[in-house]
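Raw structure.txt, compact mmCIF, C-alpha atoms and all ligand atoms:
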```txt
# COMPACT_ATOMS: atom_id res chain seq x y z
CA MET A 1 69.67 55.01 -9.88
CA CYS A 2 69.35 57.66 -7.24
CA GLU A 3 71.94 57.36 -4.52
CA ASN A 4 69.57 56.48 -1.72
CA ASP A 5 67.67 53.81 -3.65
CA ILE A 6 69.56 51.14 -1.76
CA PRO A 7 67.38 48.04 -1.74
CA ASN A 8 65.59 47.59 1.60
CA LEU A 9 66.89 50.88 2.98
CA PRO A 10 64.48 53.80 2.97
CA PRO A 11 65.87 57.30 2.27
CA THR A 12 65.12 58.20 5.90
CA MET A 13 68.08 55.99 6.85
CA PHE A 14 70.35 58.60 5.23
CA ARG A 15 68.98 61.54 7.19
CA ARG A 16 70.80 63.13 10.13
CA VAL A 17 69.74 64.92 13.29
CA ASP A 18 71.81 67.91 12.19
CA GLU A 19 70.98 68.63 8.57
CA SER A 20 72.79 71.97 8.56
CA ALA A 21 75.74 72.43 6.18
CA ASP A 22 78.76 70.29 7.04
CA SER A 23 80.93 73.35 6.42
CA GLU A 24 79.51 74.81 9.66
CA PHE A 25 80.13 71.68 11.73
CA TYR A 26 83.70 71.31 10.46
CA ALA A 27 84.56 75.04 10.46
CA GLU A 28 86.79 74.70 13.54
CA PRO A 29 89.69 72.21 13.45
CA ARG A 30 89.67 69.20 15.76
CA PHE A 31 93.23 68.06 16.40
CA VAL A 32 92.11 64.88 18.14
CA ALA A 33 92.37 61.13 17.49
CA HIS A 34 89.05 59.46 16.71
CA ILE A 35 90.09 55.92 17.71
CA ASP A 36 92.40 54.39 20.34
CA GLN A 37 96.14 54.29 19.64
CA ALA A 38 96.09 50.46 19.48
CA THR A 39 93.38 50.68 16.80
CA ILE A 40 95.38 53.29 14.86
CA ASP A 41 98.41 50.99 15.08
CA ALA A 42 96.35 48.07 13.73
CA LEU A 43 95.17 50.21 10.81
CA THR A 44 98.70 51.42 10.08
CA ASP A 45 99.85 47.82 10.12
CA PHE A 46 97.16 46.86 7.61
CA TYR A 47 98.20 49.75 5.37
CA ARG A 48 101.76 48.33 5.28
CA THR A 49 100.50 45.60 2.96
CA PHE A 50 97.48 47.34 1.45
CA LEU A 51 99.32 50.47 0.24
CA PRO A 52 102.26 49.51 -2.01
CA LYS A 53 105.39 51.60 -1.76
CA GLY A 54 105.54 54.19 -4.55
CA SER A 55 101.80 54.18 -5.17
CA ASP A 56 99.46 57.14 -5.59
CA VAL A 57 97.13 57.25 -2.57
CA LEU A 58 93.91 59.21 -2.07
CA ASP A 59 92.98 59.73 1.58
CA LEU A 60 89.27 60.55 1.67
CA MET A 61 87.62 62.34 4.60
CA SER A 62 91.09 63.18 5.74
CA SER A 63 92.23 65.35 8.62
CA TRP A 64 95.52 66.03 10.40
CA ILE A 65 96.46 62.32 10.64
CA SER A 66 96.17 59.71 7.92
CA HIS A 67 97.50 56.63 9.77
CA LEU A 68 99.87 55.81 6.89
CA PRO A 69 103.12 54.04 7.91
CA VAL A 70 105.81 56.70 8.33
CA GLU A 71 108.60 54.52 6.94
CA VAL A 72 106.94 53.91 3.57
CA ASP A 73 107.37 56.37 0.69
CA TYR A 74 104.45 56.91 -1.64
CA GLU A 75 104.59 58.72 -4.96
CA ARG A 76 101.67 60.95 -4.07
CA VAL A 77 99.30 61.22 -1.11
CA SER A 78 96.27 63.43 -1.74
CA GLY A 79 93.85 64.36 1.01
CA LEU A 80 90.21 65.41 0.79
CA GLY A 81 88.37 66.70 3.82
CA MET A 82 86.37 69.52 5.31
CA ASN A 83 88.82 71.51 7.41
CA ARG A 84 91.74 73.38 5.82
CA GLU A 85 93.75 73.74 9.04
CA GLU A 86 93.52 70.00 9.78
CA LEU A 87 94.60 69.15 6.23
CA GLN A 88 97.43 71.70 6.33
CA GLY A 89 98.65 69.99 9.52
CA ASN A 90 98.75 66.52 7.93
CA PRO A 91 102.43 65.76 7.27
CA ARG A 92 101.70 62.93 4.80
CA LEU A 93 99.74 64.94 2.27
CA ASP A 94 101.40 66.17 -0.92
CA ASP A 95 98.25 68.02 -1.86
CA PHE A 96 94.79 68.47 -0.44
CA VAL A 97 91.40 69.87 -1.24
CA VAL A 98 88.57 71.08 0.99
CA HIS A 99 85.54 69.43 -0.58
CA ASP A 100 82.09 68.61 0.81
CA LEU A 101 81.12 65.16 -0.47
CA ASN A 102 77.58 65.61 0.77
CA VAL A 103 77.17 68.59 -1.56
CA GLU A 104 79.26 67.30 -4.48
CA PRO A 105 79.88 63.55 -4.41
CA ASN A 106 81.97 63.68 -7.60
CA LEU A 107 85.66 63.86 -6.78
CA PRO A 108 87.78 66.70 -8.16
CA TYR A 109 90.40 64.40 -9.70
CA ALA A 110 90.98 63.05 -13.21
CA GLU A 111 89.98 59.50 -14.01
CA HIS A 112 92.58 56.82 -13.22
CA SER A 113 94.67 59.10 -10.99
CA PHE A 114 95.24 56.80 -7.99
CA ASP A 115 96.24 53.24 -7.10
CA ARG A 116 94.64 53.17 -3.66
CA ALA A 117 91.98 55.04 -1.72
CA THR A 118 91.58 55.10 2.05
CA LEU A 119 88.63 56.33 4.10
CA ALA A 120 89.04 56.02 7.85
CA VAL A 121 86.34 56.16 10.52
CA SER A 122 84.13 58.56 8.54
CA ILE A 123 81.86 56.60 6.17
CA GLN A 124 78.94 57.14 8.58
CA TYR A 125 78.84 60.84 7.64
CA LEU A 126 78.11 60.34 3.93
CA ILE A 127 74.53 60.93 2.86
CA ARG A 128 75.21 60.01 -0.81
CA PRO A 129 77.68 57.15 -0.36
CA VAL A 130 77.01 55.23 -3.56
CA GLU A 131 77.61 58.31 -5.69
CA VAL A 132 80.85 58.89 -3.82
CA MET A 133 81.95 55.27 -4.29
CA THR A 134 81.09 55.44 -7.99
CA SER A 135 83.34 58.48 -8.27
CA VAL A 136 86.13 56.81 -6.26
CA HIS A 137 85.89 53.85 -8.65
CA LYS A 138 86.46 56.26 -11.57
CA VAL A 139 89.52 58.00 -10.13
CA LEU A 140 91.20 54.69 -9.27
CA ARG A 141 93.19 52.85 -11.92
CA PRO A 142 92.25 49.33 -13.06
CA GLY A 143 93.28 46.99 -10.27
CA GLY A 144 93.08 49.87 -7.80
CA ARG A 145 91.67 49.23 -4.33
CA ILE A 146 89.79 51.05 -1.60
CA CYS A 147 89.82 50.38 2.14
CA ILE A 148 87.00 51.72 4.27
CA ALA A 149 87.97 51.49 7.93
CA MET A 150 85.17 51.54 10.48
CA SER A 151 84.93 51.59 14.24
CA HIS A 152 82.12 52.35 16.69
CA ARG A 153 82.57 56.01 17.59
CA LEU A 154 80.67 58.77 15.83
CA PHE A 155 79.44 62.34 16.02
CA PRO A 156 75.78 61.42 16.74
CA THR A 157 74.19 64.49 15.17
CA LYS A 158 76.12 64.09 11.93
CA ALA A 159 76.06 60.31 11.42
CA ILE A 160 73.27 59.02 9.19
CA VAL A 161 70.35 57.27 10.90
CA ALA A 162 71.40 53.88 9.47
CA PHE A 163 74.61 53.95 11.47
CA GLN A 164 72.72 54.62 14.67
CA ARG A 165 69.98 52.01 14.10
CA LEU A 166 71.90 49.09 12.58
CA GLY A 167 74.20 46.74 14.47
CA PRO A 168 77.90 46.37 13.61
CA GLU A 169 77.39 43.41 11.28
CA GLU A 170 74.65 45.20 9.35
CA ARG A 171 76.76 48.34 9.09
CA VAL A 172 79.56 46.31 7.54
CA GLN A 173 77.08 44.75 5.11
CA LEU A 174 75.76 48.20 4.24
CA VAL A 175 79.24 49.50 3.44
CA ALA A 176 79.92 46.39 1.35
CA ARG A 177 76.77 47.25 -0.60
CA TYR A 178 78.00 50.82 -1.12
CA LEU A 179 81.13 49.37 -2.72
CA ALA A 180 79.35 46.79 -4.85
CA MET A 181 76.86 49.41 -6.06
CA GLY A 182 79.75 51.76 -6.82
CA GLY A 183 81.21 49.16 -9.19
CA PHE A 184 83.84 47.52 -6.97
CA THR A 185 84.45 43.79 -7.18
CA ASP A 186 85.97 41.29 -4.75
CA VAL A 187 84.46 43.15 -1.78
CA GLN A 188 85.81 41.67 1.43
CA PHE A 189 85.48 42.19 5.16
CA LEU A 190 88.42 41.96 7.54
CA ASP A 191 88.21 42.22 11.32
CA ARG A 192 91.50 43.69 12.56
CA SER A 193 90.23 44.74 16.00
CA PRO A 194 92.99 44.81 18.60
CA PRO A 195 92.20 43.45 22.08
CA ALA A 196 90.75 45.86 24.65
CA ALA A 197 90.54 48.83 22.26
CA ASP A 198 88.16 50.38 19.74
CA PRO A 199 87.22 47.79 17.09
CA LEU A 200 88.63 47.98 13.57
CA TRP A 201 86.40 46.65 10.82
CA LEU A 202 87.71 46.95 7.27
CA VAL A 203 85.77 46.68 4.04
CA VAL A 204 87.94 46.55 0.93
CA GLY A 205 87.03 46.51 -2.75
CA THR A 206 88.88 46.33 -6.05
CA VAL A 207 88.49 47.97 -9.44
CA ARG A 208 88.36 45.12 -11.92
CA PRO A 209 91.82 44.82 -13.50
CA VAL A 210 92.13 45.06 -17.29
CA VAL A 211 92.40 41.58 -18.77
CA THR A 212 94.66 41.50 -21.80
C1 LIG A 301 86.02 61.39 12.52
S1 LIG A 301 86.97 62.41 11.46
C2 LIG A 301 88.13 61.23 10.79
C3 LIG A 301 89.33 61.88 10.23
C4 LIG A 301 90.41 60.94 9.72
N1 LIG A 301 89.97 60.17 8.57
C5 LIG A 301 90.93 60.02 10.81
O1 LIG A 301 90.98 58.80 10.60
O2 LIG A 301 91.29 60.50 11.88
C6 LIG A 301 85.78 62.72 10.17
C7 LIG A 301 86.38 63.34 8.92
O3 LIG A 301 85.41 63.32 7.88
C8 LIG A 301 85.51 64.50 7.13
N2 LIG A 301 84.17 64.79 6.60
C9 LIG A 301 83.02 64.85 7.30
N3 LIG A 301 81.99 65.19 6.51
C10 LIG A 301 82.51 65.34 5.27
C11 LIG A 301 81.97 65.71 4.02
N4 LIG A 301 80.66 66.02 3.91
N5 LIG A 301 82.78 65.76 2.94
C12 LIG A 301 84.09 65.47 3.06
N6 LIG A 301 84.68 65.12 4.22
C13 LIG A 301 83.90 65.06 5.32
C14 LIG A 301 85.95 65.58 8.12
O4 LIG A 301 86.69 66.59 7.48
C15 LIG A 301 86.81 64.79 9.10
O5 LIG A 301 88.17 64.91 8.73
```
What is this file in structure tokens?
Ligand SMILES: C[S@@+](CC[C@H](N)C(=O)[O-])C[C@H]1O[C@@H](n2cnc3c(N)ncnc32)[C@H](O)[C@@H]1O
Amino acid sequence: MCENDIPNLPPTMFRRVDESADSEFYAEPRFVAHIDQATIDALTDFYRTFLPKGSDVLDLMSSWISHLPVEVDYERVSGLGMNREELQGNPRLDDFVVHDLNVEPNLPYAEHSFDRATLAVSIQYLIRPVEVMTSVHKVLRPGGRICIAMSHRLFPTKAIVAFQRLGPEERVQLVARYLAMGGFTDVQFLDRSPPAADPLWLVVGTVRPVVT
């Protein structure tokens, strides 16, 4: 199936106002926070239970901050994003790669390399999300999990039309469909929005564990 053959969603929903190469838009680093501090804190708190100590973590669409709890040690934290300077400035990353998922949705990692994947406040920029989720599913180990964290801010010229036209509930449902179509099971929605701050909507999915 072609990536944008999502039932009931025409391919136009995956277009953007700015169709120029993402490498141009992300050429300059942006050392800014994309959500309120209270929302970051709520995400970090969620990660305390979602990301087991000692696990191998892949931080997708990463930048200079990953929101991982500072007191927890992981075996490996790998970052993938668009700006080298931002990724170089991220103190949690053991390794990183500059990689445009809208050009090449297949991830540059071996199968079964990670226990967890995170993707924070960036899913709205993917034009081939199901292909990306299918690839994430492959690089996670059986029983591995992904958390896609969403809020309501976006770069309007780079976010796909769907994220500008659909309401919050529909956007969550859309992301849940990305995960289900990518092969994830047990897809769940969690609302961890703190009061009086940017919302925090989480969609998590699991790679089916091996049954022995
Ligand atoms: C709003 S920032 C969020 C950064 C970080 N995840 C956070 O929570 O602060 C969007 C991120 O998506 C990444 N990104 C945007 N388009 C991308 C693409 N086509 N391929 C890979 N990463 C992309 C950018 O490098 C940037 O780091």
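Residue nearest Ser66 (chain A) within the list A:Pro195, A:Gly89, A:Gly144, A:Pro129: A:Gly89 [criterion: smallest interatomic distance, only C-alpha atoms].
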What lies within 10 Å of region 190-192 of chain A using all atoms listed in the file, ignoring chain neighbours under 3 positions off, as a PyMOL selection string? chain A and resi 39+42-43+45-46+149-150+172+195+199-204
Give me, as JSON, numbers by chain, the set of residues whose atoms come within 8 Å of any atom of ligand LIG 301 (chain A), counting all atoms listed in the file. {"A": [22, 23, 26, 32, 33, 34, 35, 59, 60, 61, 62, 63, 64, 65, 66, 67, 80, 81, 82, 83, 86, 98, 99, 100, 101, 102, 103, 119, 120, 121, 122, 123, 125, 126, 154, 155]}
In Å to one decimal, how far is CA of Glu170 (chain A) from CA of Thr134 (chain A)?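 The value is 21.1 Å.
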Tell me, counting only C-alpha atoms, for each residue of region 45-136 of chain A within 9 Å of region 177-185 of chain A, which pair of atoms is nearest and how far apart they are in Å to one decimal, in rows ordered by chain and increasing number, as CSV.
```
residue,atom,partner,partner_atom,distance
A:Pro129,CA,A:Tyr178,CA,6.4
A:Val130,CA,A:Tyr178,CA,5.1
A:Glu131,CA,A:Gly182,CA,7.0
A:Val132,CA,A:Gly182,CA,7.8
A:Met133,CA,A:Gly182,CA,4.9
A:Thr134,CA,A:Gly182,CA,4.1
A:Ser135,CA,A:Gly182,CA,7.8
A:Val136,CA,A:Gly182,CA,8.2
```
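Of the listed residues A:Lys138, A:Val161, A:Ala38, A:Ile146, the one whose atoms come nearest to Phe189 (chain A) is A:Ile146, with distances taken using all atoms listed in the file.
Straight-line separation from CA of Asp73 (chain A) to CA of Pro194 (chain A): 25.7 Å.
Among the candidates A:Asp94, A:Asp198, A:Glu104, A:Asp115, the one nearest to Gly143 (chain A) when counting only C-alpha atoms is A:Asp115.
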Around (72.2, 65.7, 18.3) in the file's own coordinates, what residues are found within 9 Å if you use all atoms listed in the file, given back as a list in words?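 Output: Arg16, Val17, Asp18, Phe155, Pro156, Thr157 and Lys158 of chain A.
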Env of Lys53 (chain A): 12 Å cut, atoms = only C-alpha atoms, seq-sep filter 4 positions within chain, self excluded. Answer as a VMD selection string. chain A and resid 47 to 49 57 68 to 77 115 to 116
Now that the selection is made, can you save its residues with C-alpha atoms as a CSV table (one decimal), keeping the file's coordinate frame?
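Here's the written file again_7.csv:
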```csv
chain,number,residue,atom,x,y,z
A,47,TYR,CA,98.2,49.8,5.4
A,48,ARG,CA,101.8,48.3,5.3
A,49,THR,CA,100.5,45.6,3.0
A,57,VAL,CA,97.1,57.2,-2.6
A,68,LEU,CA,99.9,55.8,6.9
A,69,PRO,CA,103.1,54.0,7.9
A,70,VAL,CA,105.8,56.7,8.3
A,71,GLU,CA,108.6,54.5,6.9
A,72,VAL,CA,106.9,53.9,3.6
A,73,ASP,CA,107.4,56.4,0.7
A,74,TYR,CA,104.4,56.9,-1.6
A,75,GLU,CA,104.6,58.7,-5.0
A,76,ARG,CA,101.7,61.0,-4.1
A,77,VAL,CA,99.3,61.2,-1.1
A,115,ASP,CA,96.2,53.2,-7.1
A,116,ARG,CA,94.6,53.2,-3.7
```
With the input short on atoms, add N, CA and C atoms back to region 130-151 of chain A and write it as a PDB file, in the frame of the given file.
```
ATOM      1  N   VAL A 130      76.805  56.006  -2.327  1.00  0.00           N
ATOM      2  CA  VAL A 130      77.010  55.230  -3.560  1.00  0.00           C
ATOM      3  C   VAL A 130      77.550  56.133  -4.669  1.00  0.00           C
ATOM      4  N   GLU A 131      77.072  57.368  -4.703  1.00  0.00           N
ATOM      5  CA  GLU A 131      77.610  58.310  -5.690  1.00  0.00           C
ATOM      6  C   GLU A 131      79.095  58.564  -5.421  1.00  0.00           C
ATOM      7  N   VAL A 132      79.444  58.677  -4.152  1.00  0.00           N
ATOM      8  CA  VAL A 132      80.850  58.890  -3.820  1.00  0.00           C
ATOM      9  C   VAL A 132      81.679  57.679  -4.238  1.00  0.00           C
ATOM     10  N   MET A 133      81.177  56.478  -3.935  1.00  0.00           N
ATOM     11  CA  MET A 133      81.950  55.270  -4.290  1.00  0.00           C
ATOM     12  C   MET A 133      82.063  55.099  -5.802  1.00  0.00           C
ATOM     13  N   THR A 134      81.026  55.494  -6.528  1.00  0.00           N
ATOM     14  CA  THR A 134      81.090  55.440  -7.990  1.00  0.00           C
ATOM     15  C   THR A 134      82.188  56.364  -8.502  1.00  0.00           C
ATOM     16  N   SER A 135      82.314  57.522  -7.868  1.00  0.00           N
ATOM     17  CA  SER A 135      83.340  58.480  -8.270  1.00  0.00           C
ATOM     18  C   SER A 135      84.738  57.988  -7.868  1.00  0.00           C
ATOM     19  N   VAL A 136      84.839  57.369  -6.680  1.00  0.00           N
ATOM     20  CA  VAL A 136      86.130  56.810  -6.260  1.00  0.00           C
ATOM     21  C   VAL A 136      86.561  55.738  -7.277  1.00  0.00           C
ATOM     22  N   HIS A 137      85.601  54.920  -7.676  1.00  0.00           N
ATOM     23  CA  HIS A 137      85.890  53.850  -8.650  1.00  0.00           C
ATOM     24  C   HIS A 137      86.482  54.453  -9.925  1.00  0.00           C
ATOM     25  N   LYS A 138      85.971  55.627 -10.337  1.00  0.00           N
ATOM     26  CA  LYS A 138      86.460  56.260 -11.570  1.00  0.00           C
ATOM     27  C   LYS A 138      87.876  56.809 -11.415  1.00  0.00           C
ATOM     28  N   VAL A 139      88.189  57.372 -10.261  1.00  0.00           N
ATOM     29  CA  VAL A 139      89.520  58.000 -10.130  1.00  0.00           C
ATOM     30  C   VAL A 139      90.609  56.977  -9.809  1.00  0.00           C
ATOM     31  N   LEU A 140      90.211  55.753  -9.467  1.00  0.00           N
ATOM     32  CA  LEU A 140      91.200  54.690  -9.270  1.00  0.00           C
ATOM     33  C   LEU A 140      91.550  54.059 -10.621  1.00  0.00           C
ATOM     34  N   ARG A 141      92.754  53.538 -10.701  1.00  0.00           N
ATOM     35  CA  ARG A 141      93.190  52.850 -11.920  1.00  0.00           C
ATOM     36  C   ARG A 141      92.664  51.407 -11.906  1.00  0.00           C
ATOM     37  N   PRO A 142      92.625  50.747 -13.057  1.00  0.00           N
ATOM     38  CA  PRO A 142      92.250  49.330 -13.060  1.00  0.00           C
ATOM     39  C   PRO A 142      93.141  48.558 -12.088  1.00  0.00           C
ATOM     40  N   GLY A 143      92.535  47.717 -11.293  1.00  0.00           N
ATOM     41  CA  GLY A 143      93.280  46.990 -10.270  1.00  0.00           C
ATOM     42  C   GLY A 143      93.449  47.772  -8.981  1.00  0.00           C
ATOM     43  N   GLY A 144      92.989  49.030  -8.994  1.00  0.00           N
ATOM     44  CA  GLY A 144      93.080  49.870  -7.800  1.00  0.00           C
ATOM     45  C   GLY A 144      92.161  49.343  -6.695  1.00  0.00           C
ATOM     46  N   ARG A 145      92.440  49.763  -5.459  1.00  0.00           N
ATOM     47  CA  ARG A 145      91.670  49.230  -4.330  1.00  0.00           C
ATOM     48  C   ARG A 145      91.310  50.345  -3.359  1.00  0.00           C
ATOM     49  N   ILE A 146      90.215  50.122  -2.659  1.00  0.00           N
ATOM     50  CA  ILE A 146      89.790  51.050  -1.600  1.00  0.00           C
ATOM     51  C   ILE A 146      89.685  50.280  -0.291  1.00  0.00           C
ATOM     52  N   CYS A 147      90.040  50.938   0.801  1.00  0.00           N
ATOM     53  CA  CYS A 147      89.820  50.380   2.140  1.00  0.00           C
ATOM     54  C   CYS A 147      88.975  51.369   2.929  1.00  0.00           C
ATOM     55  N   ILE A 148      87.834  50.911   3.382  1.00  0.00           N
ATOM     56  CA  ILE A 148      87.000  51.720   4.270  1.00  0.00           C
ATOM     57  C   ILE A 148      87.152  51.128   5.669  1.00  0.00           C
ATOM     58  N   ALA A 149      87.736  51.931   6.552  1.00  0.00           N
ATOM     59  CA  ALA A 149      87.970  51.490   7.930  1.00  0.00           C
ATOM     60  C   ALA A 149      86.860  52.036   8.816  1.00  0.00           C
ATOM     61  N   MET A 150      86.288  51.144   9.618  1.00  0.00           N
ATOM     62  CA  MET A 150      85.170  51.540  10.480  1.00  0.00           C
ATOM     63  C   MET A 150      85.465  51.163  11.928  1.00  0.00           C
ATOM     64  N   SER A 151      84.876  51.946  12.834  1.00  0.00           N
ATOM     65  CA  SER A 151      84.930  51.590  14.240  1.00  0.00           C
ATOM     66  C   SER A 151      83.548  51.876  14.828  1.00  0.00           C
TER      67      SER A 151
END
```
